[in-house]
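Novice: Sharing a structure with you now.
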Amino acid sequence: QVQLVESGGGLVQAGGSLRLSCAASGSIFIISDMGWYRQAPGKQRELLARISSGGTTNYADSVKGRFTISRDNAKKTVFLLMNSLKPEDTAVYYCNVGTVTGDYWGQGTQVTVSS
């Protein structure tokens, strides 16, 4: 059984920052890519950032320069530092972990940015 536990979401004013964490536990032996997605009401889930096992990162244009993804392989944890938050960043944020047995998703954490 694999579990991904997310934390760090909440309410923040525009221009503020939040740091999301996602810790993996259970029967995970090899983790490849780790990533963060979000889904706003009435919209499709979108990829925000991914990081490979070697540390190579990719970002969506909408968050490039504002969000930073990182990982701690020893702790099987992926982070998303979000700066200069905007009201349009309001969504449920999900982490995703790729392993040899498949992809796994966190339960989601709400991020609300007030104007």
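The way I read the labels, and the way they are meant: chains A, B, ... in the order of the structure tokens, residue 1 as the first residue of every chain, and ligand 1 as the first ligand shown, with later ones counted on from there.
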Can you list, as a PyMOL selection string, every protein, DNA or RNA residue that comes within 8 Å of A:Tyr94 when you count only C-alpha atoms, leaving out same-chain residues fewer than 4 positions away?
Specialist: chain A and resi 6+36-38+105-109
Novice: Could you save the residues just selected, with N, CA and C atoms, as a tab-separated table (two decimals), in the first residue's frame?
Specialist:
chain	number	residue	atom	x	y	z
A	6	GLU	N	-0.18	15.07	1.81
A	6	GLU	CA	0.15	16.45	1.46
A	6	GLU	C	-0.12	17.37	2.65
A	36	TRP	N	3.68	18.10	-9.23
A	36	TRP	CA	2.54	18.79	-8.63
A	36	TRP	C	1.57	19.21	-9.73
A	37	TYR	N	0.29	19.01	-9.45
A	37	TYR	CA	-0.80	19.39	-10.33
A	37	TYR	C	-1.78	20.24	-9.53
A	38	ARG	N	-2.69	20.87	-10.23
A	38	ARG	CA	-3.77	21.56	-9.55
A	38	ARG	C	-5.04	21.48	-10.38
A	105	TRP	N	-1.31	9.27	-6.39
A	105	TRP	CA	-1.77	10.64	-6.18
A	105	TRP	C	-2.02	10.90	-4.70
A	106	GLY	N	-1.73	12.15	-4.31
A	106	GLY	CA	-2.11	12.59	-2.97
A	106	GLY	C	-3.59	12.92	-2.93
A	107	GLN	N	-4.08	13.22	-1.73
A	107	GLN	CA	-5.50	13.47	-1.54
A	107	GLN	C	-5.90	14.88	-1.94
A	108	GLY	N	-4.91	15.75	-2.12
A	108	GLY	CA	-5.19	17.12	-2.49
A	108	GLY	C	-5.19	18.04	-1.29
A	109	THR	N	-4.71	19.25	-1.50
A	109	THR	CA	-4.72	20.27	-0.46
A	109	THR	C	-5.19	21.59	-1.08
Novice: Just list the residues in chain A DSSP gives strand (DSSP E) on the backbone, as a compact mmCIF listing (two decimals) with N, CA, C and O atoms, in the first residue's frame.
Specialist:
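Printed below is selection-v2.txt as written:
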# COMPACT_ATOMS: atom_id res chain seq x y z
N VAL A 2 0.52 2.20 -0.84
CA VAL A 2 1.27 3.44 -0.96
C VAL A 2 0.40 4.60 -0.51
O VAL A 2 -0.77 4.67 -0.85
N GLN A 3 0.97 5.47 0.28
CA GLN A 3 0.25 6.66 0.73
C GLN A 3 1.06 7.91 0.43
O GLN A 3 2.28 7.92 0.63
N LEU A 4 0.37 8.94 -0.02
CA LEU A 4 0.97 10.26 -0.21
C LEU A 4 0.20 11.24 0.66
O LEU A 4 -1.01 11.37 0.53
N VAL A 5 0.90 11.88 1.57
CA VAL A 5 0.26 12.81 2.49
C VAL A 5 0.76 14.22 2.19
O VAL A 5 1.96 14.50 2.30
N GLU A 6 -0.18 15.07 1.81
CA GLU A 6 0.15 16.45 1.46
C GLU A 6 -0.12 17.37 2.65
O GLU A 6 -1.02 17.12 3.46
N SER A 7 0.62 18.46 2.69
CA SER A 7 0.40 19.47 3.72
C SER A 7 0.90 20.81 3.21
O SER A 7 1.62 20.87 2.22
N GLY A 10 -3.57 26.34 2.32
CA GLY A 10 -4.26 27.28 3.18
C GLY A 10 -4.69 28.53 2.46
O GLY A 10 -4.74 28.56 1.23
N LEU A 11 -4.99 29.55 3.24
CA LEU A 11 -5.46 30.83 2.71
C LEU A 11 -4.32 31.84 2.81
O LEU A 11 -3.68 31.97 3.87
N VAL A 12 -4.07 32.54 1.72
CA VAL A 12 -2.99 33.52 1.69
C VAL A 12 -3.43 34.70 0.84
O VAL A 12 -4.25 34.54 -0.08
N GLN A 13 -2.90 35.86 1.14
CA GLN A 13 -3.22 37.04 0.34
C GLN A 13 -2.38 37.05 -0.95
O GLN A 13 -1.29 36.46 -1.00
N LEU A 18 3.43 30.20 -0.13
CA LEU A 18 3.11 28.97 0.58
C LEU A 18 4.10 27.91 0.14
O LEU A 18 4.62 27.95 -0.98
N ARG A 19 4.32 26.94 1.02
CA ARG A 19 5.17 25.81 0.68
C ARG A 19 4.40 24.52 0.93
O ARG A 19 4.01 24.22 2.05
N LEU A 20 4.18 23.78 -0.14
CA LEU A 20 3.49 22.50 -0.05
C LEU A 20 4.50 21.38 0.10
O LEU A 20 5.58 21.42 -0.46
N SER A 21 4.09 20.36 0.86
CA SER A 21 4.91 19.16 1.02
C SER A 21 4.07 17.94 0.71
O SER A 21 2.86 17.93 0.94
N CYS A 22 4.72 16.91 0.23
CA CYS A 22 4.04 15.64 -0.05
C CYS A 22 5.00 14.52 0.30
O CYS A 22 6.04 14.36 -0.35
N ALA A 23 4.65 13.76 1.32
CA ALA A 23 5.50 12.68 1.79
C ALA A 23 4.92 11.34 1.39
O ALA A 23 3.73 11.07 1.63
N ALA A 24 5.75 10.51 0.80
CA ALA A 24 5.32 9.19 0.36
C ALA A 24 5.73 8.14 1.39
O ALA A 24 6.81 8.22 1.99
N SER A 25 4.86 7.17 1.60
CA SER A 25 5.17 6.08 2.52
C SER A 25 4.54 4.80 2.01
O SER A 25 3.70 4.82 1.11
N GLY A 26 4.94 3.69 2.61
CA GLY A 26 4.40 2.41 2.20
C GLY A 26 5.35 1.67 1.28
O GLY A 26 6.56 1.86 1.35
N ILE A 31 11.43 5.57 -6.74
CA ILE A 31 10.61 6.69 -7.20
C ILE A 31 11.31 7.34 -8.38
O ILE A 31 12.50 7.64 -8.31
N SER A 32 10.58 7.52 -9.45
CA SER A 32 11.15 8.22 -10.60
C SER A 32 10.74 9.69 -10.52
O SER A 32 11.20 10.42 -9.66
N ASP A 33 9.85 10.11 -11.39
CA ASP A 33 9.44 11.50 -11.38
C ASP A 33 8.46 11.78 -10.24
O ASP A 33 7.68 10.92 -9.83
N MET A 34 8.51 13.04 -9.75
CA MET A 34 7.54 13.52 -8.78
C MET A 34 7.01 14.84 -9.32
O MET A 34 7.75 15.59 -9.97
N GLY A 35 5.74 15.11 -9.05
CA GLY A 35 5.18 16.33 -9.63
C GLY A 35 4.04 16.91 -8.83
O GLY A 35 3.54 16.28 -7.88
N TRP A 36 3.68 18.10 -9.23
CA TRP A 36 2.54 18.79 -8.63
C TRP A 36 1.57 19.21 -9.73
O TRP A 36 1.98 19.69 -10.80
N TYR A 37 0.29 19.01 -9.45
CA TYR A 37 -0.80 19.39 -10.33
C TYR A 37 -1.78 20.24 -9.53
O TYR A 37 -1.72 20.27 -8.29
N ARG A 38 -2.69 20.87 -10.23
CA ARG A 38 -3.77 21.56 -9.55
C ARG A 38 -5.04 21.48 -10.38
O ARG A 38 -4.99 21.29 -11.60
N GLN A 39 -6.16 21.64 -9.68
CA GLN A 39 -7.45 21.63 -10.35
C GLN A 39 -8.34 22.69 -9.73
O GLN A 39 -8.65 22.61 -8.53
N GLU A 46 -4.31 20.34 -14.15
CA GLU A 46 -3.19 20.77 -14.96
C GLU A 46 -1.87 20.50 -14.25
O GLU A 46 -1.75 20.62 -13.03
N LEU A 47 -0.87 20.15 -15.06
CA LEU A 47 0.47 19.93 -14.55
C LEU A 47 1.15 21.27 -14.28
O LEU A 47 1.14 22.15 -15.13
N LEU A 48 1.73 21.40 -13.10
CA LEU A 48 2.44 22.62 -12.74
C LEU A 48 3.95 22.45 -12.83
O LEU A 48 4.64 23.30 -13.38
N ALA A 49 4.45 21.37 -12.27
CA ALA A 49 5.89 21.18 -12.21
C ALA A 49 6.20 19.70 -11.99
O ALA A 49 5.43 19.00 -11.33
N ARG A 50 7.33 19.28 -12.56
CA ARG A 50 7.79 17.91 -12.34
C ARG A 50 9.29 17.95 -12.10
O ARG A 50 9.99 18.86 -12.59
N ILE A 51 9.76 16.95 -11.33
CA ILE A 51 11.18 16.84 -11.06
C ILE A 51 11.57 15.37 -11.19
O ILE A 51 10.90 14.50 -10.65
N THR A 57 14.10 19.65 -13.65
CA THR A 57 12.77 20.20 -13.40
C THR A 57 12.14 20.76 -14.68
O THR A 57 12.83 21.17 -15.61
N ASN A 58 10.82 20.72 -14.68
CA ASN A 58 10.03 21.32 -15.76
C ASN A 58 8.85 22.03 -15.14
O ASN A 58 8.27 21.54 -14.16
N TYR A 59 8.48 23.18 -15.72
CA TYR A 59 7.40 23.99 -15.18
C TYR A 59 6.42 24.40 -16.27
O TYR A 59 6.79 24.61 -17.42
N PHE A 67 7.05 29.50 -8.97
CA PHE A 67 7.02 28.25 -8.21
C PHE A 67 8.33 27.50 -8.37
O PHE A 67 8.94 27.53 -9.45
N THR A 68 8.74 26.81 -7.31
CA THR A 68 9.95 26.00 -7.35
C THR A 68 9.66 24.62 -6.77
O THR A 68 9.19 24.52 -5.63
N ILE A 69 9.95 23.60 -7.55
CA ILE A 69 9.77 22.23 -7.08
C ILE A 69 11.12 21.69 -6.64
O ILE A 69 12.17 22.00 -7.23
N SER A 70 11.09 20.90 -5.57
CA SER A 70 12.31 20.25 -5.09
C SER A 70 11.93 18.93 -4.44
O SER A 70 10.74 18.66 -4.21
N ARG A 71 12.90 18.10 -4.15
CA ARG A 71 12.62 16.80 -3.55
C ARG A 71 13.73 16.41 -2.61
O ARG A 71 14.88 16.81 -2.78
N ASP A 72 13.34 15.59 -1.63
CA ASP A 72 14.27 14.98 -0.70
C ASP A 72 14.13 13.48 -0.87
O ASP A 72 13.16 12.88 -0.39
N THR A 77 10.03 12.76 -0.24
CA THR A 77 9.17 13.93 -0.12
C THR A 77 9.44 14.90 -1.27
O THR A 77 10.59 15.10 -1.65
N VAL A 78 8.36 15.46 -1.78
CA VAL A 78 8.47 16.49 -2.81
C VAL A 78 7.84 17.77 -2.27
O VAL A 78 6.87 17.72 -1.51
N PHE A 79 8.44 18.90 -2.64
CA PHE A 79 7.99 20.19 -2.15
C PHE A 79 7.62 21.09 -3.33
O PHE A 79 8.12 20.93 -4.43
N LEU A 80 6.76 22.05 -3.04
CA LEU A 80 6.45 23.08 -4.01
C LEU A 80 6.42 24.41 -3.28
O LEU A 80 5.51 24.66 -2.48
N LEU A 81 7.41 25.24 -3.54
CA LEU A 81 7.45 26.59 -2.98
C LEU A 81 6.76 27.52 -3.96
O LEU A 81 7.16 27.60 -5.13
N MET A 82 5.74 28.19 -3.47
CA MET A 82 4.94 29.06 -4.33
C MET A 82 5.06 30.50 -3.86
O MET A 82 4.66 30.83 -2.74
N ALA A 91 -6.92 26.80 -6.11
CA ALA A 91 -7.24 25.47 -6.63
C ALA A 91 -6.93 24.43 -5.56
O ALA A 91 -6.37 24.75 -4.51
N VAL A 92 -7.28 23.20 -5.86
CA VAL A 92 -6.82 22.06 -5.07
C VAL A 92 -5.53 21.56 -5.72
O VAL A 92 -5.50 21.32 -6.93
N TYR A 93 -4.51 21.42 -4.91
CA TYR A 93 -3.19 21.02 -5.40
C TYR A 93 -2.93 19.56 -5.04
O TYR A 93 -3.17 19.14 -3.90
N TYR A 94 -2.45 18.81 -6.03
CA TYR A 94 -2.21 17.38 -5.87
C TYR A 94 -0.75 17.05 -6.18
O TYR A 94 -0.19 17.57 -7.15
N CYS A 95 -0.18 16.15 -5.40
CA CYS A 95 1.13 15.65 -5.76
C CYS A 95 0.97 14.32 -6.48
O CYS A 95 -0.04 13.62 -6.32
N ASN A 96 1.96 14.00 -7.28
CA ASN A 96 1.96 12.77 -8.06
C ASN A 96 3.35 12.16 -8.00
O ASN A 96 4.35 12.87 -8.15
N VAL A 97 3.39 10.86 -7.77
CA VAL A 97 4.67 10.16 -7.68
C VAL A 97 4.67 9.00 -8.64
O VAL A 97 3.72 8.19 -8.63
N GLY A 98 5.70 8.91 -9.45
CA GLY A 98 5.84 7.80 -10.38
C GLY A 98 6.77 6.74 -9.82
O GLY A 98 7.86 7.07 -9.33
N THR A 99 6.35 5.49 -9.87
CA THR A 99 7.17 4.40 -9.38
C THR A 99 7.14 3.26 -10.40
O THR A 99 6.41 3.33 -11.39
N GLY A 102 3.63 1.96 -10.76
CA GLY A 102 2.58 2.84 -11.24
C GLY A 102 2.67 4.24 -10.65
O GLY A 102 3.58 4.55 -9.89
N ASP A 103 1.68 5.07 -11.03
CA ASP A 103 1.61 6.43 -10.52
C ASP A 103 0.66 6.49 -9.32
O ASP A 103 -0.37 5.82 -9.29
N TYR A 104 0.99 7.37 -8.38
CA TYR A 104 0.15 7.53 -7.20
C TYR A 104 -0.14 9.01 -6.98
O TYR A 104 0.69 9.87 -7.32
N TRP A 105 -1.31 9.27 -6.39
CA TRP A 105 -1.77 10.64 -6.18
C TRP A 105 -2.02 10.90 -4.70
O TRP A 105 -2.50 10.02 -3.98
N THR A 109 -4.71 19.25 -1.50
CA THR A 109 -4.72 20.27 -0.46
C THR A 109 -5.19 21.59 -1.08
O THR A 109 -4.76 21.95 -2.17
N GLN A 110 -6.10 22.25 -0.39
CA GLN A 110 -6.69 23.47 -0.93
C GLN A 110 -5.76 24.66 -0.73
O GLN A 110 -5.22 24.88 0.36
N VAL A 111 -5.59 25.41 -1.80
CA VAL A 111 -4.86 26.68 -1.75
C VAL A 111 -5.83 27.77 -2.21
O VAL A 111 -6.40 27.68 -3.31
N THR A 112 -6.03 28.76 -1.36
CA THR A 112 -6.92 29.87 -1.70
C THR A 112 -6.14 31.17 -1.58
O THR A 112 -5.54 31.44 -0.53
N VAL A 113 -6.16 31.94 -2.65
CA VAL A 113 -5.43 33.21 -2.69
C VAL A 113 -6.46 34.34 -2.79
O VAL A 113 -7.22 34.41 -3.76
N SER A 114 -6.49 35.18 -1.79
CA SER A 114 -7.44 36.28 -1.76
C SER A 114 -6.83 37.53 -2.39
O SER A 114 -5.63 37.76 -2.30
Novice: State, in Å with one decimal place, the distance from atom CA of A:Lys86 to atom CA of A:Pro41.
Specialist: 15.8 Å
Novice: What gap, in Å, lies between atom CA of A:Asn83 and atom CA of A:Gly15?
Specialist: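 We find that atom CA of A:Asn83 and atom CA of A:Gly15 lie 7.0 Å from each other.
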Novice: At what distance in Å, to one decimal, does atom CA of A:Phe29 lie from atom CA of A:Lys75?
Specialist: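 A separation of 12.0 Å between them.
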